[in-house]
>>> print(open('final03.cif').read())   # mmCIF, C-alpha atoms
data_data
#
loop_
_atom_site.group_PDB
_atom_site.id
_atom_site.type_symbol
_atom_site.label_atom_id
_atom_site.label_comp_id
_atom_site.auth_asym_id
_atom_site.auth_seq_id
_atom_site.Cartn_x
_atom_site.Cartn_y
_atom_site.Cartn_z
ATOM 1 C CA MET K 30 106.783 80.867 91.155
ATOM 2 C CA SER K 31 103.952 82.853 92.694
ATOM 3 C CA ARG K 32 101.651 82.399 95.611
ATOM 4 C CA SER K 33 98.518 84.165 96.705
ATOM 5 C CA PRO K 34 98.597 84.982 100.408
ATOM 6 C CA ILE K 35 95.283 86.768 100.119
ATOM 7 C CA ASP K 36 91.950 85.065 100.674
ATOM 8 C CA VAL K 37 89.182 86.764 98.702
ATOM 9 C CA GLY K 38 86.578 85.189 100.971
ATOM 10 C CA THR K 39 82.869 85.637 100.381
ATOM 11 C CA VAL K 40 82.105 88.909 98.661
ATOM 12 C CA SER K 41 78.977 90.062 96.889
ATOM 13 C CA ALA K 42 78.554 89.213 93.227
ATOM 14 C CA GLU K 43 79.105 92.899 92.340
ATOM 15 C CA ASN K 44 82.476 92.909 94.097
ATOM 16 C CA GLU K 45 83.772 89.490 93.057
ATOM 17 C CA ALA K 46 85.779 90.669 90.024
ATOM 18 C CA ARG K 47 87.006 93.712 91.949
ATOM 19 C CA ALA K 48 88.167 91.486 94.820
ATOM 20 C CA ARG K 49 90.096 89.265 92.414
ATOM 21 C CA ARG K 50 91.782 92.313 90.842
ATOM 22 C CA ILE K 51 92.785 93.624 94.264
ATOM 23 C CA ALA K 52 94.242 90.249 95.266
ATOM 24 C CA HIS K 53 96.077 89.985 91.930
ATOM 25 C CA VAL K 54 97.681 93.441 92.218
ATOM 26 C CA ALA K 55 98.691 92.868 95.844
ATOM 27 C CA ASN K 56 100.210 89.499 94.978
ATOM 28 C CA ALA K 57 102.094 90.907 91.972
ATOM 29 C CA PHE K 58 103.528 93.838 93.897
ATOM 30 C CA ASP K 59 104.307 92.079 97.187
ATOM 31 C CA SER K 60 104.951 88.354 96.656
ATOM 32 C CA LYS K 61 105.080 87.406 92.978
ATOM 33 C CA PHE K 62 108.516 85.778 92.942
ATOM 34 C CA LYS K 63 110.146 83.280 95.275
ATOM 35 C CA VAL K 64 113.871 83.682 95.911
ATOM 36 C CA PRO K 65 115.397 80.205 95.471
ATOM 37 C CA GLY K 66 117.150 78.720 98.445
ATOM 38 C CA ILE K 67 115.743 81.025 101.110
ATOM 39 C CA GLY K 68 112.027 80.942 100.319
ATOM 40 C CA LEU K 69 111.615 84.727 100.494
ATOM 41 C CA HIS K 70 108.809 86.096 98.339
ATOM 42 C CA LEU K 71 109.339 89.405 96.554
ATOM 43 C CA GLY K 72 107.154 91.408 94.244
ATOM 44 C CA TYR K 73 107.418 94.263 91.826
ATOM 45 C CA ASP K 74 107.315 96.715 94.763
ATOM 46 C CA SER K 75 110.637 95.406 96.075
ATOM 47 C CA LEU K 76 112.216 95.273 92.622
ATOM 48 C CA LEU K 77 110.997 98.658 91.376
ATOM 49 C CA GLY K 78 111.920 100.203 94.722
ATOM 50 C CA LEU K 79 115.555 99.704 93.764
ATOM 51 C CA ILE K 80 115.141 102.425 91.113
ATOM 52 C CA PRO K 81 115.518 105.710 93.034
ATOM 53 C CA GLY K 82 112.466 107.972 92.868
ATOM 54 C CA VAL K 83 110.792 106.434 89.842
ATOM 55 C CA GLY K 84 110.323 102.986 91.353
ATOM 56 C CA ASP K 85 108.561 104.274 94.461
ATOM 57 C CA ALA K 86 106.325 106.504 92.333
ATOM 58 C CA ILE K 87 105.273 103.534 90.197
ATOM 59 C CA THR K 88 104.535 101.364 93.211
ATOM 60 C CA SER K 89 102.505 104.185 94.778
ATOM 61 C CA VAL K 90 100.273 104.112 91.704
ATOM 62 C CA ALA K 91 99.611 100.408 92.337
ATOM 63 C CA GLY K 92 98.774 101.232 95.948
ATOM 64 C CA GLY K 93 96.430 103.950 94.750
ATOM 65 C CA TYR K 94 94.702 101.467 92.471
ATOM 66 C CA VAL K 95 93.954 99.134 95.378
ATOM 67 C CA ILE K 96 92.595 102.089 97.383
ATOM 68 C CA TYR K 97 90.485 103.216 94.406
ATOM 69 C CA GLN K 98 88.990 99.742 94.003
ATOM 70 C CA ALA K 99 88.172 99.638 97.720
ATOM 71 C CA ALA K 100 86.481 103.032 97.475
ATOM 72 C CA GLN K 101 84.473 101.871 94.463
ATOM 73 C CA SER K 102 83.263 98.873 96.473
ATOM 74 C CA GLY K 103 81.875 101.205 99.133
ATOM 75 C CA ALA K 104 84.551 100.779 101.808
ATOM 76 C CA ARG K 105 84.113 102.909 104.907
ATOM 77 C CA LYS K 106 86.191 106.082 105.206
ATOM 78 C CA ARG K 107 88.175 104.790 108.180
ATOM 79 C CA ILE K 108 89.260 101.723 106.175
ATOM 80 C CA LEU K 109 90.269 103.932 103.258
ATOM 81 C CA ALA K 110 92.195 106.202 105.653
ATOM 82 C CA ARG K 111 94.166 103.213 106.980
ATOM 83 C CA MET K 112 94.912 102.146 103.425
ATOM 84 C CA VAL K 113 96.097 105.647 102.490
ATOM 85 C CA PHE K 114 98.312 105.688 105.599
ATOM 86 C CA ASN K 115 99.820 102.298 104.675
ATOM 87 C CA THR K 116 100.589 103.492 101.149
ATOM 88 C CA PHE K 117 101.978 106.803 102.422
ATOM 89 C CA LEU K 118 104.207 105.005 104.933
ATOM 90 C CA ASP K 119 105.413 102.581 102.264
ATOM 91 C CA SER K 120 106.186 105.434 99.860
ATOM 92 C CA THR K 121 107.884 107.598 102.463
ATOM 93 C CA VAL K 122 110.060 104.979 104.136
ATOM 94 C CA GLY K 123 110.514 103.165 100.822
ATOM 95 C CA ALA K 124 112.214 106.249 99.396
ATOM 96 C CA ILE K 125 115.123 105.883 101.831
ATOM 97 C CA PRO K 126 117.954 104.028 100.061
ATOM 98 C CA LEU K 127 118.535 100.445 101.284
ATOM 99 C CA VAL K 128 116.464 100.884 104.488
ATOM 100 C CA GLY K 129 113.412 101.511 102.328
ATOM 101 C CA ASP K 130 114.045 98.437 100.238
ATOM 102 C CA VAL K 131 114.192 96.222 103.321
ATOM 103 C CA PHE K 132 111.094 97.961 104.684
ATOM 104 C CA ASP K 133 109.209 97.276 101.419
ATOM 105 C CA MET K 134 109.989 93.569 101.686
ATOM 106 C CA ALA K 135 108.766 93.384 105.275
ATOM 107 C CA PHE K 136 105.833 95.820 105.361
ATOM 108 C CA ARG K 137 104.019 94.713 102.180
ATOM 109 C CA SER K 138 101.568 97.613 102.062
ATOM 110 C CA ASN K 139 99.641 96.243 99.079
ATOM 111 C CA THR K 140 98.935 92.989 100.895
ATOM 112 C CA ARG K 141 97.899 94.884 104.029
ATOM 113 C CA ASN K 142 95.606 97.094 101.972
ATOM 114 C CA ALA K 143 94.161 94.184 100.026
ATOM 115 C CA LYS K 144 93.336 92.366 103.254
ATOM 116 C CA LEU K 145 91.654 95.499 104.621
ATOM 117 C CA ALA K 146 89.657 95.973 101.401
ATOM 118 C CA LEU K 147 88.624 92.335 101.158
ATOM 119 C CA ALA K 148 87.645 92.164 104.825
ATOM 120 C CA GLU K 149 85.486 95.227 104.224
ATOM 121 C CA MET K 150 83.889 93.610 101.162
ATOM 122 C CA ASN K 151 83.230 90.453 103.190
ATOM 123 C CA ARG K 152 81.654 92.563 105.953
ATOM 124 C CA GLN K 153 79.429 94.258 103.380
ATOM 125 C CA ALA K 154 78.349 90.901 101.919
ATOM 126 C CA GLU K 155 77.499 89.558 105.395
ATOM 127 C CA GLU K 156 75.513 92.705 106.148
ATOM 128 C CA GLU K 157 73.624 92.371 102.863
ATOM 129 C CA GLY K 158 72.898 88.719 103.684
ATOM 130 C CA ARG K 159 71.517 89.654 107.095
ATOM 131 C CA ARG K 160 69.299 92.313 105.513
ATOM 132 C CA GLU K 161 67.939 89.761 103.046
ATOM 133 C CA LEU K 162 67.130 87.349 105.876
ATOM 134 C CA ILE K 163 65.254 90.027 107.790
ATOM 135 C CA SER K 164 63.136 91.180 104.838
#
>>> encode(input="final03.cif", output="structure tokens")
Amino acid sequence: MSRSPIDVGTVSAENEARARRIAHVANAFDSKFKVPGIGLHLGYDSLLGLIPGVGDAITSVAGGYVIYQAAQSGARKRILARMVFNTFLDSTVGAIPLVGDVFDMAFRSNTRNAKLALAEMNRQAEEEGRRELIS
């Protein structure tokens, strides 16, 4: 069972497909599966993180993809810097056996980054709308 905790919101037509891809990746890596009985949602990040070294490298690639998509949408540098920090923190702490696995489940860097990217895309769309009203 999966759920999408990420609201794409109102983005420009150019960013609509990109926003859906970002939300899809974040959902897959942070909350794709529901653990029966306790209602905890896990994603590929938590599962792959159990494989020492390789798992964290793979999940960092997914984090990089979300950052890349945000950059392609024109996200501001400070937003991208926060996203890079989130991914770095997830990769660094996630590499610690057991502690890192618990951290991955709680921190959900892909969801954090997706929300930052989508909020930035929504801000851009609102700004474009205001410009159109003025002209």
>>> resolve_selection(input="final03.cif", expression="the PyMOL selection byres ((chain K and resi 151-153) around 10)", output="list in words")
Val37, Gly38, Thr39, Val40, Ser41, Asn44, Ala48, Ser102, Gly103, Ala104, Arg105, Leu145, Ala146, Leu147, Ala148, Glu149, Met150, Ala154, Glu155, Glu156, Glu157, Gly158 and Arg159 of chain K
>>> atom_distance(input="final03.cif", atom1="atom CA of K:Gly129", atom2="atom CA of K:Thr116")
13.0 Å
>>> closest_residue(input="final03.cif", among="K:Met112, K:Ile163, K:Ile87, K:Ala46", to="K:Tyr73", atoms="only C-alpha atoms")
K:Ile87
>>> resolve_selection(input="final03.cif", expression="the PyMOL selection byres ((chain K and resi 58) around 12)", output="PyMOL selection string")
chain K and resi 31-33+51-57+59-62+70-78+84-85+87-92+94-95+133-134+136-143
>>> atom_distance(input="final03.cif", atom1="atom CA of K:Lys144", atom2="atom CA of K:Pro65")
26.4 Å
>>> atom_distance(input="final03.cif", atom1="atom CA of K:Val128", atom2="atom CA of K:Ala110")
24.9 Å
>>> closest_residue(input="final03.cif", among="K:Ala42, K:Ile67, K:Ile35, K:Leu79", to="K:Gly123", atoms="all atoms listed in the file")
K:Leu79
